[in-house]
Amino acid sequence: MRILHLSCFVLLFAFAAKAQETVSISGKVTDENNQPVFGANVLLLGTGRGTSTNMDGEFTMSDISASNYFIQVSYLGYQSVTKEIELNADTTLDFALAKTSGQLNEVVVTAANRRLQNVQKTAASVSVANAQEVADLQIGNINELGRITSNFRTYDDGGGSFPLVSTRGITTIDATPVVGVYVDDVPLFNVSSFPSYFGDIERIEILKGPQGTLYGRNSIGGVINIISKNPTNHTKGYVTTGYGNLNQYDVQAGISTPIIRDKLFVKINGGLTERDGYIENTFLNDTELLGRKAYNGNLKLTYVANDDWLFKFSSGYERREVDAYAFVGGFGATATVIEDAVNNNPFQVAQNTNGLYVTDILNNAFNLKFTNDKIKIEAITAYQFTDLDRSGDDFDFSPADIQAVASDNSDLSTISQEIRLSSNTKSKLDWIGGLYLYSVSNESDRRTRNGADNAFNPELPPEDAAQYPYDQLTDTEIGQTGLSLFGQASYQLTAKLTATAGLRYEIEDSSLEVNNRFEQDGQDFVYPNLGAVPAEFDKETEFSAFSPKFSLGYQANENSLLFANVTRGYRPGGVNEFVLDESRATFDPEFSWNYELGIKNMLWNNKVKLNATLFYIDYTDQQLFNVLDLTTFSIGRENIGNSRSYGVELETEFILANGLNLVGNLGYLKTEFTDYTYIGFTGVEINNEGNMQVMSPEWSGSLGVNYTTNLNKKWKGSIVVDYQFQSEVFFDPENTSSQDAYGLLNSRLVLGSKNLEFALWAKNLTDVTYLSYGYSVSGSGIFASYGLPQTYGATLTGKF
């Protein structure tokens with residue numbers, strides 16, 4: 001790793017020695033009444049360069065490399081403005097800000113091609129929500145991202161530790177995600193490391209379809225790109241307090257300020273949230289299941305050495321405490337059992353233990369960026385550590401003492417290094433290439449209790465039944481190291497037609513060390529008839545894959561783009577940590593091919609956005625959970641499934657009047673297992689060919705209205721109403737148990753000025769009772785979790 005860093009610095013210094021042309025940009029920012037705006041932020045996005053306006057509303061930035069940029073101007077209480085500019089000489093550019101706008105603003109993204117682009121001129125299926133839209137949609141964590149776009153659903157498992165993402169028929173209940181999640185360019189390898197709180201967000205980008213070329217592993221279904229705000233020359237901050245039903249409270253605060261003007265900047269934010277539970281355990285007379293508490297803190301430092309060099313350091317800590325889990329159903333539960341519970345005893349479970357999940361997450365990253373008028377180089381070094389402790393977690397989710405996790409500690413650490421080189425010129429050829437390395441270590445220590453009530457199983461011989469209870473102790477250590485080389489180039493064939501091609505080669509080594517033993521009354525226990533036999537083994541395996549991409553984009557005119565993409569996604573194989581049989585310890589990679597056609601339009605003087613995409617996905621060698629050993633009920637992943645999916649997505653936004661916006665998204669999805677046969681829990685072969693993929697609704701979408709008006713010169717008010725809906729989803733591949741179609745109505749009413757904002761909010765206004773998550777393994781039963789009932793509250797935010 002040191003050699004890699006040294007090589008990087010040598011390259012950077014070599015390019016820094018090159019002479020380059022620099023220019024300046026200046027201008028004036030005014031308001032709706034043509035009055036100067038003092039203290040407006042003026043940023044060159046993606047560069048770390050920025051300034052603020054003086055008393056006369058004027059700004060100047062000098063020593064800027066001649067190139068193309070996106071410039072953004074913002075001020076508290078006003079709509080931000082973003083424009084793409086070409087700087088090849090000293091430039092003057094003025095801006096007029098308004099509290100409400102009669103046009104849709106230009107939106108930029110980086111997810112599709114790892115460079116800033118106008119989202120409407122990007123040949124990819126990508127959706128984006130800026131900071132205001134994140135607030136309007138009340139997106140507070142990873143489980144609520146499905147509100148942004150259709151055919152992209154996020155489901156809360158109840159405990160919040162293993163959120164499920166489902167997009168275009170690609171999903172998993174595995175801890176290794178099928179959608180890559182990046183926070184400020186740093187990938188998160190495990191769903192338990194996903195952030196549970198979104199604070200101080202600049203924008204969230206969702207890229208649908210396999211993205212193997214530029215993102216590699218775990219992007220078989222798409223990418224979530226989360227970008228936080230950067231500190232600037234302008235000192236600003238906020239304090240937010242809120243309270244709602246379920247005794248929910250939220251306190252957050254942050255400050256961003258320059259330490260050395262134009263050179264060194266810092267941003268610090270953090271807070272805590274807490275909410276009571278909403279599930280009753282009738283067996284233990286406990287009403288606090290699924291209660292949550294979370295703490296978070298973040299630090300970001302930015303140093304602009306000169307026009308060429310930019311350094312960033314970020315560090316974040318998060319702690320989550322959840323009274324989990326609270327699944328309705330359990331082993332042996334059928335669709336009838338689930339339906340009866342939801343209809344007659346909603347928000348109730350009966351289990352003999354209550355679990356507690358405590359997760360500590362630490363993320364650190366260092367980003368070095370060098371830019372001149374020819375090339376851009378970025379080096380991103382990251383270290384992440386996640387500690388997950390759980391205890392008292394019921395496995396059978398019944399009043400009986402059958403199986404539970406007495407204790408489980410997992411320590412996951414990841415070190416990664418990415419180096420990217422890309423062109424930075426206005427020419428017919430744009431390119432990007434790079435190297436990515438990572439090392440992952442996951443150590444787990446688990447004690448599973450096989451309870452006394454197993455003795456009442458009528459299928460067991462009396463001698464076997466008499467052996468209960470006993471404990472299984474499993475110590476595992478998983479190691480993963482990987483290397484990727486990637487490159488992508490876009491060439492403008494004509495003034496309107498651009499072709500893109502890319503390729504990534506990735507190789508990964510995985511290792512597994514397993515030590516299984518059994519105890520009874522504190523003594524070693526061995527009983528072969530029940531599979532209670534000590535096992536200790538090491539296993540190593542290696543996987544590799546090529547991930548190509550081909551794309552065509554046709555800019556029919558300034559406001560319309562047509563595109564076609566063919567991409568391949570890849571999720572690496574790995575090792576099953578909780579197995580006793582060494583021969584069942586490994587599984588192979590899974591792959592997906594995505595074919596899509598799309599069109600993007602800005603119509604009627606930028607008052608209407610109308611985008612549509614058609615897609616077809618071939619998903620092969622799916623890694624599906626199965627019972628690998630019926631005697632010990634060892635669960636692991638096997639490559640036993642193939643499926644296909646196809647559909648259409650519609651994304652629209654209308655400005656109906658000044659300050660009145662209508663947003664609508666609609667997705668149709670058809671999924672089908674083309675091959676999925678396994679031996680079920682009862683020992684009978686089950687064939688799921690022709691059935692629908694789990695947690696993948698045929699229809700999904702949203703409809704939202706946003707009205708903003710100026711109440712006087714200082715205050716404005718807004719109201720947002722959005723309705724999120726989806727059709728039936730199945731919990732099991734046999735398609736026997738499901739959640740019927742439902743919709744959630746949410747609303748937010750805001751009264752705000754430059755320095756103060758008061759908001760009333762509500763989620764699930766009509767108090768729909770629904771199951772937000774469900775799964776089944778080998779036909780062993782149905783396990784499902786209730787979604788949040790009606791919640792409401794108020795927040796007060798002070799800004800400076």
# chains A, B, ... in the order shown; residues from 1 in each chain; ligands from 1

$ select_by_dssp --residues "region 462-559 of chain A" --states "strand (DSSP E)" --output "JSON, numbers by chain"
{"A": [470, 471, 472, 473, 474, 475, 476, 477, 478, 479, 480, 481, 482, 483, 484, 485, 486, 487, 488, 489, 490, 491, 492, 497, 498, 499, 500, 501, 502, 503, 504, 505, 506, 507, 508, 509, 510, 511, 512, 513, 514, 515, 516, 517, 518, 519, 520, 523, 524, 535, 536, 537, 538, 539, 540, 541, 542, 543, 544, 545, 546, 547, 548, 549, 550, 551, 552, 553, 554, 555, 556, 557]}

$ residues_around --residues "Asp408 (chain A)" --least-positions-apart "6" --cutoff "12 Å" --atoms "only C-alpha atoms" --output "PyMOL selection string"
chain A and resi 355-359+387-393+443-449+472-476

$ closest_residue --among "A:Thr302, A:Asn409, A:Thr22, A:Asn626" --to "Leu368 (chain A)" --atoms "only C-alpha atoms"
A:Thr302

$ residues_around --residues "Ala129 (chain A)" --least-positions-apart "4" --cutoff "9 Å" --atoms "only C-alpha atoms" --output "CSV table (one decimal) with N, CA and C atoms, in the first residue's frame"
chain,number,residue,atom,x,y,z
A,133,GLU,N,-35.2,18.4,-1.8
A,133,GLU,CA,-36.1,17.3,-2.2
A,133,GLU,C,-36.0,16.2,-1.2
A,134,VAL,N,-34.8,16.0,-0.6
A,134,VAL,CA,-34.6,15.0,0.4
A,134,VAL,C,-35.5,15.4,1.7
A,148,ILE,N,-37.6,8.2,-4.1
A,148,ILE,CA,-37.1,9.0,-5.1
A,148,ILE,C,-37.5,8.6,-6.5
A,202,GLU,N,-26.0,17.0,0.3
A,202,GLU,CA,-26.1,17.9,-0.9
A,202,GLU,C,-27.0,17.3,-1.9
A,203,ARG,N,-26.9,16.0,-2.2
A,203,ARG,CA,-27.8,15.3,-3.1
A,203,ARG,C,-27.6,13.8,-2.9
A,204,ILE,N,-28.6,13.0,-3.4
A,204,ILE,CA,-28.5,11.6,-3.5
A,204,ILE,C,-28.9,11.2,-4.9
A,205,GLU,N,-28.0,10.4,-5.5
A,205,GLU,CA,-28.1,9.9,-6.9
A,205,GLU,C,-28.4,8.4,-6.9
A,206,ILE,N,-29.4,8.0,-7.7
A,206,ILE,CA,-29.7,6.6,-7.8
A,206,ILE,C,-29.5,6.2,-9.3

$ closest_atom_pairs --of "region 713-782 of chain A" --to "region 160-165 of chain A" --cutoff "12 Å" --atoms "only C-alpha atoms" --output "JSON lines"
{"residue": "A:Ser772", "atom": "CA", "partner": "A:Leu164", "partner_atom": "CA", "distance": 10.0}
{"residue": "A:Tyr773", "atom": "CA", "partner": "A:Leu164", "partner_atom": "CA", "distance": 8.0}
{"residue": "A:Gly774", "atom": "CA", "partner": "A:Leu164", "partner_atom": "CA", "distance": 9.8}
{"residue": "A:Tyr775", "atom": "CA", "partner": "A:Leu164", "partner_atom": "CA", "distance": 10.6}

$ residues_around --residues "region 262-271 of chain A" --least-positions-apart "5" --cutoff "6 Å" --atoms "only C-alpha atoms" --output "PyMOL selection string"
chain A and resi 231+251-257+295-304

$ write_last_selection --atoms "N, CA, C and O atoms" --output "short mmCIF file (atom, residue, chain, number, x, y, z; two decimals), in the first residue's frame"
data_model
loop_
_atom_site.label_atom_id
_atom_site.label_comp_id
_atom_site.auth_asym_id
_atom_site.auth_seq_id
_atom_site.Cartn_x
_atom_site.Cartn_y
_atom_site.Cartn_z
N PRO A 231 -17.65 22.20 3.13
CA PRO A 231 -17.48 23.53 3.74
C PRO A 231 -16.96 24.53 2.72
O PRO A 231 -16.28 24.15 1.76
N VAL A 251 -32.44 15.67 17.61
CA VAL A 251 -31.63 16.86 17.85
C VAL A 251 -30.40 16.76 16.96
O VAL A 251 -29.64 15.78 17.07
N GLN A 252 -30.22 17.72 16.08
CA GLN A 252 -29.08 17.74 15.18
C GLN A 252 -28.51 19.15 15.11
O GLN A 252 -29.24 20.14 15.22
N ALA A 253 -27.19 19.24 14.92
CA ALA A 253 -26.54 20.54 14.81
C ALA A 253 -25.30 20.40 13.95
O ALA A 253 -24.70 19.32 13.86
N GLY A 254 -24.94 21.50 13.32
CA GLY A 254 -23.75 21.48 12.49
C GLY A 254 -23.24 22.88 12.21
O GLY A 254 -23.99 23.85 12.27
N ILE A 255 -21.97 22.97 11.90
CA ILE A 255 -21.36 24.25 11.54
C ILE A 255 -20.31 24.01 10.46
O ILE A 255 -19.61 22.98 10.47
N SER A 256 -20.22 24.94 9.53
CA SER A 256 -19.24 24.91 8.46
C SER A 256 -18.58 26.27 8.40
O SER A 256 -19.29 27.29 8.37
N THR A 257 -17.26 26.30 8.37
CA THR A 257 -16.57 27.60 8.43
C THR A 257 -15.18 27.49 7.83
O THR A 257 -14.56 26.41 7.85
N TYR A 295 -26.93 7.70 17.50
CA TYR A 295 -26.07 8.86 17.66
C TYR A 295 -25.18 8.95 16.42
O TYR A 295 -24.77 7.94 15.86
N ASN A 296 -24.88 10.16 16.01
CA ASN A 296 -23.98 10.31 14.86
C ASN A 296 -23.14 11.57 15.01
O ASN A 296 -23.55 12.55 15.63
N GLY A 297 -21.94 11.53 14.42
CA GLY A 297 -21.06 12.69 14.40
C GLY A 297 -20.14 12.61 13.19
O GLY A 297 -19.68 11.53 12.82
N ASN A 298 -19.91 13.75 12.54
CA ASN A 298 -19.12 13.77 11.32
C ASN A 298 -18.20 14.99 11.29
O ASN A 298 -18.55 16.07 11.76
N LEU A 299 -17.02 14.77 10.71
CA LEU A 299 -16.03 15.83 10.54
C LEU A 299 -15.53 15.79 9.10
O LEU A 299 -15.24 14.72 8.57
N LYS A 300 -15.46 16.96 8.47
CA LYS A 300 -14.91 17.04 7.12
C LYS A 300 -13.96 18.24 7.05
O LYS A 300 -14.34 19.37 7.41
N LEU A 301 -12.74 17.99 6.60
CA LEU A 301 -11.74 19.03 6.39
C LEU A 301 -11.41 19.10 4.90
O LEU A 301 -11.21 18.07 4.25
N THR A 302 -11.35 20.31 4.37
CA THR A 302 -10.98 20.53 2.98
C THR A 302 -9.84 21.53 2.91
O THR A 302 -9.94 22.61 3.51
N TYR A 303 -8.80 21.18 2.20
CA TYR A 303 -7.65 22.08 2.02
C TYR A 303 -7.41 22.29 0.54
O TYR A 303 -7.17 21.33 -0.21
N VAL A 304 -7.51 23.52 0.10
CA VAL A 304 -7.23 23.89 -1.29
C VAL A 304 -5.83 24.48 -1.33
O VAL A 304 -5.63 25.65 -1.00
#

$ atom_distance --atom1 "CA of Asp184 (chain A)" --atom2 "CA of Ile227 (chain A)"
5.0 Å

$ residues_around --residues "Gln693 (chain A)" --least-positions-apart "5" --cutoff "7 Å" --atoms "only C-alpha atoms" --output "NGL selection string"
:A and (169 or 671-673 or 733)

$ closest_residue --among "A:Arg168, A:Lys121, A:Arg517, A:Arg49" --to "Met61 (chain A)" --atoms "only C-alpha atoms"
A:Arg49

$ closest_residue --among "A:Glu86, A:Glu540, A:Asp401, A:Glu558" --to "Glu477 (chain A)" --atoms "only C-alpha atoms"
A:Glu540

$ atom_distance --atom1 "CA of Leu429 (chain A)" --atom2 "CA of Thr381 (chain A)"
28.3 Å

$ residues_around --residues "Gly636 (chain A)" --least-positions-apart "5" --cutoff "9 Å" --atoms "only C-alpha atoms" --output "PDB file with N, CA, C and O atoms, in the first residue's frame"
ATOM      1  N   VAL A 575     -17.893 -17.242   0.747  1.00  0.00           N
ATOM      2  CA  VAL A 575     -17.875 -18.386   1.658  1.00  0.00           C
ATOM      3  C   VAL A 575     -19.043 -18.287   2.631  1.00  0.00           C
ATOM      4  O   VAL A 575     -19.442 -17.195   3.038  1.00  0.00           O
ATOM      5  N   ASN A 576     -19.604 -19.446   2.975  1.00  0.00           N
ATOM      6  CA  ASN A 576     -20.679 -19.532   3.957  1.00  0.00           C
ATOM      7  C   ASN A 576     -20.081 -19.779   5.336  1.00  0.00           C
ATOM      8  O   ASN A 576     -19.466 -20.829   5.578  1.00  0.00           O
ATOM      9  N   GLU A 577     -20.279 -18.825   6.215  1.00  0.00           N
ATOM     10  CA  GLU A 577     -19.602 -18.924   7.508  1.00  0.00           C
ATOM     11  C   GLU A 577     -20.255 -19.896   8.481  1.00  0.00           C
ATOM     12  O   GLU A 577     -19.571 -20.435   9.362  1.00  0.00           O
ATOM     13  N   PHE A 578     -21.565 -20.147   8.358  1.00  0.00           N
ATOM     14  CA  PHE A 578     -22.231 -20.975   9.368  1.00  0.00           C
ATOM     15  C   PHE A 578     -22.568 -22.356   8.824  1.00  0.00           C
ATOM     16  O   PHE A 578     -23.723 -22.784   8.779  1.00  0.00           O
ATOM     17  N   VAL A 579     -21.549 -23.071   8.391  1.00  0.00           N
ATOM     18  CA  VAL A 579     -21.723 -24.432   7.898  1.00  0.00           C
ATOM     19  C   VAL A 579     -20.781 -25.365   8.651  1.00  0.00           C
ATOM     20  O   VAL A 579     -19.717 -24.956   9.132  1.00  0.00           O
ATOM     21  N   ARG A 584     -19.673 -27.545   1.473  1.00  0.00           N
ATOM     22  CA  ARG A 584     -20.752 -26.602   1.173  1.00  0.00           C
ATOM     23  C   ARG A 584     -20.363 -25.172   1.533  1.00  0.00           C
ATOM     24  O   ARG A 584     -21.222 -24.286   1.570  1.00  0.00           O
ATOM     25  N   ALA A 585     -19.071 -24.953   1.754  1.00  0.00           N
ATOM     26  CA  ALA A 585     -18.643 -23.661   2.302  1.00  0.00           C
ATOM     27  C   ALA A 585     -18.538 -22.560   1.260  1.00  0.00           C
ATOM     28  O   ALA A 585     -18.541 -21.383   1.612  1.00  0.00           O
ATOM     29  N   PHE A 587     -19.524 -20.588  -2.599  1.00  0.00           N
ATOM     30  CA  PHE A 587     -20.492 -20.382  -3.668  1.00  0.00           C
ATOM     31  C   PHE A 587     -19.864 -19.473  -4.712  1.00  0.00           C
ATOM     32  O   PHE A 587     -18.918 -18.729  -4.436  1.00  0.00           O
ATOM     33  N   LEU A 624     -28.700 -17.637  -3.689  1.00  0.00           N
ATOM     34  CA  LEU A 624     -29.930 -17.700  -2.911  1.00  0.00           C
ATOM     35  C   LEU A 624     -29.700 -18.503  -1.637  1.00  0.00           C
ATOM     36  O   LEU A 624     -28.999 -19.514  -1.635  1.00  0.00           O
ATOM     37  N   PHE A 625     -30.296 -18.034  -0.561  1.00  0.00           N
ATOM     38  CA  PHE A 625     -30.164 -18.741   0.706  1.00  0.00           C
ATOM     39  C   PHE A 625     -30.963 -20.033   0.685  1.00  0.00           C
ATOM     40  O   PHE A 625     -32.098 -20.080   0.185  1.00  0.00           O
ATOM     41  N   ASN A 626     -30.334 -21.068   1.262  1.00  0.00           N
ATOM     42  CA  ASN A 626     -30.966 -22.378   1.300  1.00  0.00           C
ATOM     43  C   ASN A 626     -30.509 -23.104   2.557  1.00  0.00           C
ATOM     44  O   ASN A 626     -29.450 -22.787   3.123  1.00  0.00           O
ATOM     45  N   VAL A 627     -31.293 -24.056   3.016  1.00  0.00           N
ATOM     46  CA  VAL A 627     -30.859 -24.908   4.122  1.00  0.00           C
ATOM     47  C   VAL A 627     -29.906 -25.946   3.558  1.00  0.00           C
ATOM     48  O   VAL A 627     -30.296 -26.819   2.782  1.00  0.00           O
ATOM     49  N   LEU A 628     -28.639 -25.832   3.943  1.00  0.00           N
ATOM     50  CA  LEU A 628     -27.609 -26.713   3.402  1.00  0.00           C
ATOM     51  C   LEU A 628     -27.537 -28.042   4.138  1.00  0.00           C
ATOM     52  O   LEU A 628     -27.047 -29.034   3.599  1.00  0.00           O
TER      53      LEU A 628
END

$ atom_distance --atom1 "CA of Ser62 (chain A)" --atom2 "CA of Asn306 (chain A)"
10.7 Å

$ select_by_dssp --residues "region 113-230 of chain A" --states "alpha helix (DSSP H)" --output "list in words"
Ala131, Gln132, Glu133, Val134, Ala135, Asp136, Gly212, Thr213, Leu214 and Tyr215 of chain A

$ write_last_selection --atoms "C-alpha atoms" --output "mmCIF file, in the first residue's frame"
data_model
loop_
_atom_site.group_PDB
_atom_site.id
_atom_site.type_symbol
_atom_site.label_atom_id
_atom_site.label_comp_id
_atom_site.auth_asym_id
_atom_site.auth_seq_id
_atom_site.Cartn_x
_atom_site.Cartn_y
_atom_site.Cartn_z
ATOM 1 C CA ALA A 131 -31.101 18.599 -0.261
ATOM 2 C CA GLN A 132 -34.503 20.306 -0.478
ATOM 3 C CA GLU A 133 -36.108 17.318 -2.178
ATOM 4 C CA VAL A 134 -34.639 14.971 0.435
ATOM 5 C CA ALA A 135 -36.276 17.138 3.110
ATOM 6 C CA ASP A 136 -39.591 17.387 1.231
ATOM 7 C CA GLY A 212 -19.899 -3.182 -13.109
ATOM 8 C CA THR A 213 -17.525 -1.180 -15.345
ATOM 9 C CA LEU A 214 -16.973 1.849 -13.116
ATOM 10 C CA TYR A 215 -18.131 0.424 -9.774
#

$ residues_around --residues "Asp464 (chain A)" --least-positions-apart "5" --cutoff "8 Å" --atoms "only C-alpha atoms" --output "list in words"
Ala455, Asn529 and Leu530 of chain A

$ write_last_selection --atoms "C-alpha atoms" --output "mmCIF file, in the first residue's frame"
data_model
loop_
_atom_site.group_PDB
_atom_site.id
_atom_site.type_symbol
_atom_site.label_atom_id
_atom_site.label_comp_id
_atom_site.auth_asym_id
_atom_site.auth_seq_id
_atom_site.Cartn_x
_atom_site.Cartn_y
_atom_site.Cartn_z
ATOM 1 C CA ALA A 455 -37.564 -32.144 23.119
ATOM 2 C CA ASN A 529 -27.559 -37.846 15.608
ATOM 3 C CA LEU A 530 -28.326 -34.139 16.060
#

$ closest_residue --among "A:Gln623, A:Asn665, A:Asn515, A:Asn687" --to "Ile173 (chain A)" --atoms "only C-alpha atoms"
A:Gln623

$ closest_atom_pairs --of "region 14-114 of chain A" --to "region 221-224 of chain A" --cutoff "12 Å" --atoms "only C-alpha atoms" --output "tab-separated table"
residue	atom	partner	partner_atom	distance
A:Val109	CA	A:Ile224	CA	11.6
A:Thr110	CA	A:Ile224	CA	11.1
A:Ala111	CA	A:Val223	CA	7.6
A:Ala112	CA	A:Val223	CA	9.0
A:Asn113	CA	A:Val223	CA	11.8
A:Arg114	CA	A:Val223	CA	11.8

$ write_last_selection --atoms "C-alpha atoms" --output "PDB file, in the first residue's frame"
ATOM      1  CA  VAL A 109     -24.812  14.145 -11.164  1.00  0.00           C
ATOM      2  CA  THR A 110     -21.517  12.275 -10.926  1.00  0.00           C
ATOM      3  CA  ALA A 111     -22.699   8.672 -10.518  1.00  0.00           C
ATOM      4  CA  ALA A 112     -23.108   7.696 -14.176  1.00  0.00           C
ATOM      5  CA  ASN A 113     -19.612   8.413 -15.508  1.00  0.00           C
ATOM      6  CA  ARG A 114     -17.690   9.547 -12.403  1.00  0.00           C
TER       7      ARG A 114
END
